[in-house]
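J.: I have a structure here, written as structure tokens, and I will follow up with some questions on it.
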Amino acid sequence: MEYWDIYDKNKQRTGRTMEKDSFTLADDEYHLTVLGVIMRPDGRFLITKRVMTKAWAPGWWEVSGGAAQAGEESEEAVRREIKEETGLDVEGADGGYMFSYHRENPGEGDNYFVDIYRYVMDVSESDITLQTEETDGCKFATAEEIKELADEGIFLHYDSMKKVFQV
């Protein structure tokens, strides 16, 4: 079973954990998620398509990410998620932490912080090994193409993270 750390409103660990996806947080408690954006030197961004078997947002486009596991630091989590979902190792890549945002869902037990990272790497589709349980394809898209997907309502978290696509 996977566990997540519980954070307070100041993004400090409380010393308590929760089971993955249990969503029983009090209104002033949070868990930590991470998003990792891969940008090529030509200004294109790696985006992946969610498998159709996902319970939430199947077939939508996104960047690599997920929840930080208990005891895991934010950057450790994003490196792990990128590696698991794309096979890419961002160790030594240019870039890093960009910014954070948070979501509060009163009464739902699912409040979270999101740390966003951007790494610059000269990669092609042949360098990518997709995690087939999570993803159903990928492509390198321009910031404009990503915005178009968001305008169609099929790109996750765009409004909260759009400034990461500004070069």
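Identifiers in the structure tokens: chain A, B, ... in order shown; residue index from 1 per chain; ligand index from 1 in order shown.
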Which residues are near Lys54 (chain A)? Cut-off 12 Å, only C-alpha atoms, ignore same chain within fewer than 6 positions. Put them as a list in words.
T.: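 Once the nearby chain positions are removed, what remains is Trp60, Thr132, Glu133, Glu134, Thr135 and Asp136 of chain A.
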J.: Skip Asp5 (chain A) itself and residues of its chain fewer than 6 positions away, then list as a ChimeraX atom specification all residues within 8 Å of it, counting only C-alpha atoms.
T.: /A:13-18,31-32,68-71
J.: How far is it from CA of Asp110 (chain A) to CA of Phe23 (chain A), in Å with one decimal?
T.: 5.0 Å
J.: Can you list, as a list in words, every protein, DNA or RNA residue that comes within 7 Å of Gly109 (chain A) when you count only C-alpha atoms, leaving out same-chain residues fewer than 3 positions away?
T.: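 Contacts, with the query itself left out: Phe23, Thr24, Leu25, Ala26, Asp27 and Asn105 of chain A.
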J.: Please provide as a list of chain:residue names all residues within 8 Å of region 87-97 of chain A, with the sequence filter that same-chain residues fewer than 6 positions apart are discarded (counting only C-alpha atoms).
T.: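 Listing them by chain and then by number gives A:Glu75, A:Arg79, A:Asp115, A:Ile116, A:Tyr117, A:Arg118, A:Tyr119, A:Val120, A:Met121, A:Asp127, A:Ile128, A:Thr129, A:Leu130, A:Gln131.
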J.: Output all heavy atoms for every residue in the selection just made, as a tab-separated table (two decimals), in the first residue's frame.
T.:
chain	number	residue	atom	x	y	z
A	75	GLU	N	11.20	17.16	-5.35
A	75	GLU	CA	11.96	16.92	-6.58
A	75	GLU	C	12.22	15.42	-6.79
A	75	GLU	O	12.23	14.96	-7.92
A	75	GLU	CB	13.27	17.70	-6.62
A	75	GLU	CG	13.90	17.63	-8.00
A	75	GLU	CD	14.86	18.73	-8.33
A	75	GLU	OE1	15.35	19.41	-7.42
A	75	GLU	OE2	15.13	18.91	-9.55
A	79	ARG	N	11.02	13.56	-10.30
A	79	ARG	CA	11.97	12.75	-11.09
A	79	ARG	C	11.46	11.32	-11.23
A	79	ARG	O	11.56	10.72	-12.31
A	79	ARG	CB	13.34	12.77	-10.43
A	79	ARG	CG	14.05	14.08	-10.57
A	79	ARG	CD	15.38	14.07	-9.88
A	79	ARG	NE	16.05	15.34	-10.07
A	79	ARG	CZ	17.20	15.66	-9.53
A	79	ARG	NH1	17.82	14.79	-8.74
A	79	ARG	NH2	17.74	16.84	-9.75
A	115	ASP	N	3.56	21.12	-6.89
A	115	ASP	CA	4.85	21.71	-7.22
A	115	ASP	C	5.12	21.42	-8.69
A	115	ASP	O	5.04	20.27	-9.13
A	115	ASP	CB	5.97	21.11	-6.37
A	115	ASP	CG	5.92	21.56	-4.92
A	115	ASP	OD1	5.14	22.48	-4.59
A	115	ASP	OD2	6.67	20.98	-4.11
A	116	ILE	N	5.45	22.48	-9.43
A	116	ILE	CA	5.66	22.34	-10.87
A	116	ILE	C	7.14	22.56	-11.21
A	116	ILE	O	7.75	23.53	-10.77
A	116	ILE	CB	4.78	23.32	-11.65
A	116	ILE	CG1	3.32	22.99	-11.37
A	116	ILE	CG2	5.09	23.27	-13.15
A	116	ILE	CD1	2.33	23.88	-12.05
A	117	TYR	N	7.66	21.63	-12.00
A	117	TYR	CA	9.06	21.66	-12.44
A	117	TYR	C	9.09	21.70	-13.96
A	117	TYR	O	8.21	21.14	-14.62
A	117	TYR	CB	9.79	20.39	-11.97
A	117	TYR	CG	9.95	20.31	-10.47
A	117	TYR	CD1	8.90	19.90	-9.67
A	117	TYR	CD2	11.15	20.66	-9.87
A	117	TYR	CE1	9.03	19.82	-8.30
A	117	TYR	CE2	11.30	20.58	-8.50
A	117	TYR	CZ	10.24	20.17	-7.72
A	117	TYR	OH	10.38	20.10	-6.35
A	118	ARG	N	10.14	22.32	-14.49
A	118	ARG	CA	10.36	22.29	-15.95
A	118	ARG	C	11.83	21.97	-16.19
A	118	ARG	O	12.71	22.60	-15.61
A	118	ARG	CB	10.00	23.62	-16.60
A	118	ARG	CG	10.18	23.57	-18.13
A	118	ARG	CD	9.69	24.82	-18.81
A	118	ARG	NE	10.59	25.93	-18.53
A	118	ARG	CZ	10.27	27.21	-18.75
A	118	ARG	NH1	9.09	27.53	-19.24
A	118	ARG	NH2	11.13	28.16	-18.48
A	119	TYR	N	12.05	20.97	-17.03
A	119	TYR	CA	13.40	20.56	-17.40
A	119	TYR	C	13.57	20.71	-18.90
A	119	TYR	O	12.65	20.40	-19.67
A	119	TYR	CB	13.64	19.10	-17.01
A	119	TYR	CG	13.53	18.87	-15.52
A	119	TYR	CD1	12.37	18.37	-14.95
A	119	TYR	CD2	14.60	19.16	-14.68
A	119	TYR	CE1	12.26	18.16	-13.59
A	119	TYR	CE2	14.50	18.95	-13.32
A	119	TYR	CZ	13.34	18.46	-12.77
A	119	TYR	OH	13.24	18.27	-11.43
A	120	VAL	N	14.75	21.16	-19.32
A	120	VAL	CA	15.05	21.32	-20.74
A	120	VAL	C	15.98	20.17	-21.15
A	120	VAL	O	17.05	19.99	-20.56
A	120	VAL	CB	15.72	22.68	-21.03
A	120	VAL	CG1	16.03	22.82	-22.52
A	120	VAL	CG2	14.83	23.82	-20.55
A	121	MET	N	15.52	19.41	-22.12
A	121	MET	CA	16.27	18.25	-22.61
A	121	MET	C	16.11	18.14	-24.12
A	121	MET	O	15.03	18.39	-24.65
A	121	MET	CB	15.74	16.97	-21.97
A	121	MET	CG	15.82	16.89	-20.47
A	121	MET	SD	15.04	15.39	-19.82
A	121	MET	CE	16.18	14.14	-20.41
A	127	ASP	N	13.30	8.42	-27.73
A	127	ASP	CA	13.92	8.35	-26.40
A	127	ASP	C	12.91	7.99	-25.31
A	127	ASP	O	13.29	7.75	-24.17
A	127	ASP	CB	14.55	9.70	-26.03
A	127	ASP	CG	15.66	10.10	-26.99
A	127	ASP	OD1	16.48	9.24	-27.34
A	127	ASP	OD2	15.69	11.29	-27.38
A	128	ILE	N	11.64	7.97	-25.65
A	128	ILE	CA	10.58	7.83	-24.66
A	128	ILE	C	10.07	6.40	-24.59
A	128	ILE	O	9.82	5.76	-25.62
A	128	ILE	CB	9.42	8.81	-24.98
A	128	ILE	CG1	9.95	10.24	-24.89
A	128	ILE	CG2	8.24	8.59	-24.04
A	128	ILE	CD1	9.05	11.25	-25.52
A	129	THR	N	9.92	5.91	-23.37
A	129	THR	CA	9.32	4.61	-23.11
A	129	THR	C	8.10	4.87	-22.24
A	129	THR	O	8.23	5.16	-21.04
A	129	THR	CB	10.30	3.67	-22.38
A	129	THR	OG1	11.50	3.58	-23.14
A	129	THR	CG2	9.69	2.30	-22.18
A	130	LEU	N	6.92	4.81	-22.83
A	130	LEU	CA	5.70	5.15	-22.10
A	130	LEU	C	5.27	4.04	-21.14
A	130	LEU	O	5.42	2.86	-21.44
A	130	LEU	CB	4.57	5.43	-23.08
A	130	LEU	CG	4.71	6.67	-23.95
A	130	LEU	CD1	3.55	6.77	-24.93
A	130	LEU	CD2	4.81	7.93	-23.11
A	131	GLN	N	4.73	4.46	-20.02
A	131	GLN	CA	4.13	3.54	-19.06
A	131	GLN	C	2.71	3.26	-19.57
A	131	GLN	O	1.82	4.08	-19.44
A	131	GLN	CB	4.11	4.20	-17.68
A	131	GLN	CG	3.56	3.33	-16.59
A	131	GLN	CD	3.54	4.06	-15.25
A	131	GLN	OE1	3.38	5.26	-15.20
A	131	GLN	NE2	3.68	3.31	-14.18
J.: Suppose you want the space between CA of Glu2 (chain A) and CA of Ser100 (chain A); what is it in Å?
T.: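 Between CA of Glu2 (chain A) and CA of Ser100 (chain A) the gap works out to 23.3 Å.
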J.: Against region 139-158 of chain A, which residues of region 69-124 of chain A fall within 12 Å? For each one I want the closest pair of atoms and the distance in Å (one decimal), counting only C-alpha atoms, rows by chain and increasing residue number, as a Markdown table.
T.:
| residue | atom | partner | partner_atom | distance |
| --- | --- | --- | --- | --- |
| A:Thr86 | CA | A:Lys139 | CA | 11.4 |
| A:Tyr101 | CA | A:His157 | CA | 10.7 |
| A:His102 | CA | A:His157 | CA | 11.4 |
| A:Arg103 | CA | A:His157 | CA | 11.0 |
| A:Val114 | CA | A:His157 | CA | 10.1 |
| A:Ile116 | CA | A:His157 | CA | 11.0 |
| A:Asp122 | CA | A:Phe140 | CA | 11.5 |
| A:Val123 | CA | A:Phe140 | CA | 9.7 |
| A:Ser124 | CA | A:Phe140 | CA | 8.3 |
J.: Please list as an MDAnalysis selection string every residue within 9 Å of Gly137 (chain A), counting only C-alpha atoms and excluding residues in the same chain fewer than 5 positions away.
T.: chainID A and resid 47:51 130 132
J.: Could you give me, as a PyMOL selection string, each residue of chain A that DSSP assigns to strand (DSSP E or B) when run on this structure's backbone?
T.: chain A and resi 3-7+13-19+30-39+45-50+61-62+64-67+94-103+112-120+135-141+155
J.: Pick out the closest residue to Arg44 (chain A) from this set: A:Trp4, A:Cys138, A:Phe165, A:Trp56. Count only C-alpha atoms.
T.: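 Closest candidate: A:Phe165.
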J.: Distance CA of Glu84 (chain A)-CA of Ser126 (chain A), one decimal place?
T.: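 For CA of Glu84 (chain A) relative to CA of Ser126 (chain A), the distance reads 16.0 Å.
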J.: Each residue of region 22-135 of chain A lying at most 7 Å from region 8-12 of chain A should get a row with its shortest atom-to-atom pair and the distance in Å to one decimal, counting only C-alpha atoms; could you produce that, ordered by chain and increasing number, as a tab-separated table?
T.:
residue	atom	partner	partner_atom	distance
A:Asp28	CA	A:Lys9	CA	5.9
A:Glu29	CA	A:Asp8	CA	5.0
A:Tyr30	CA	A:Asp8	CA	6.2
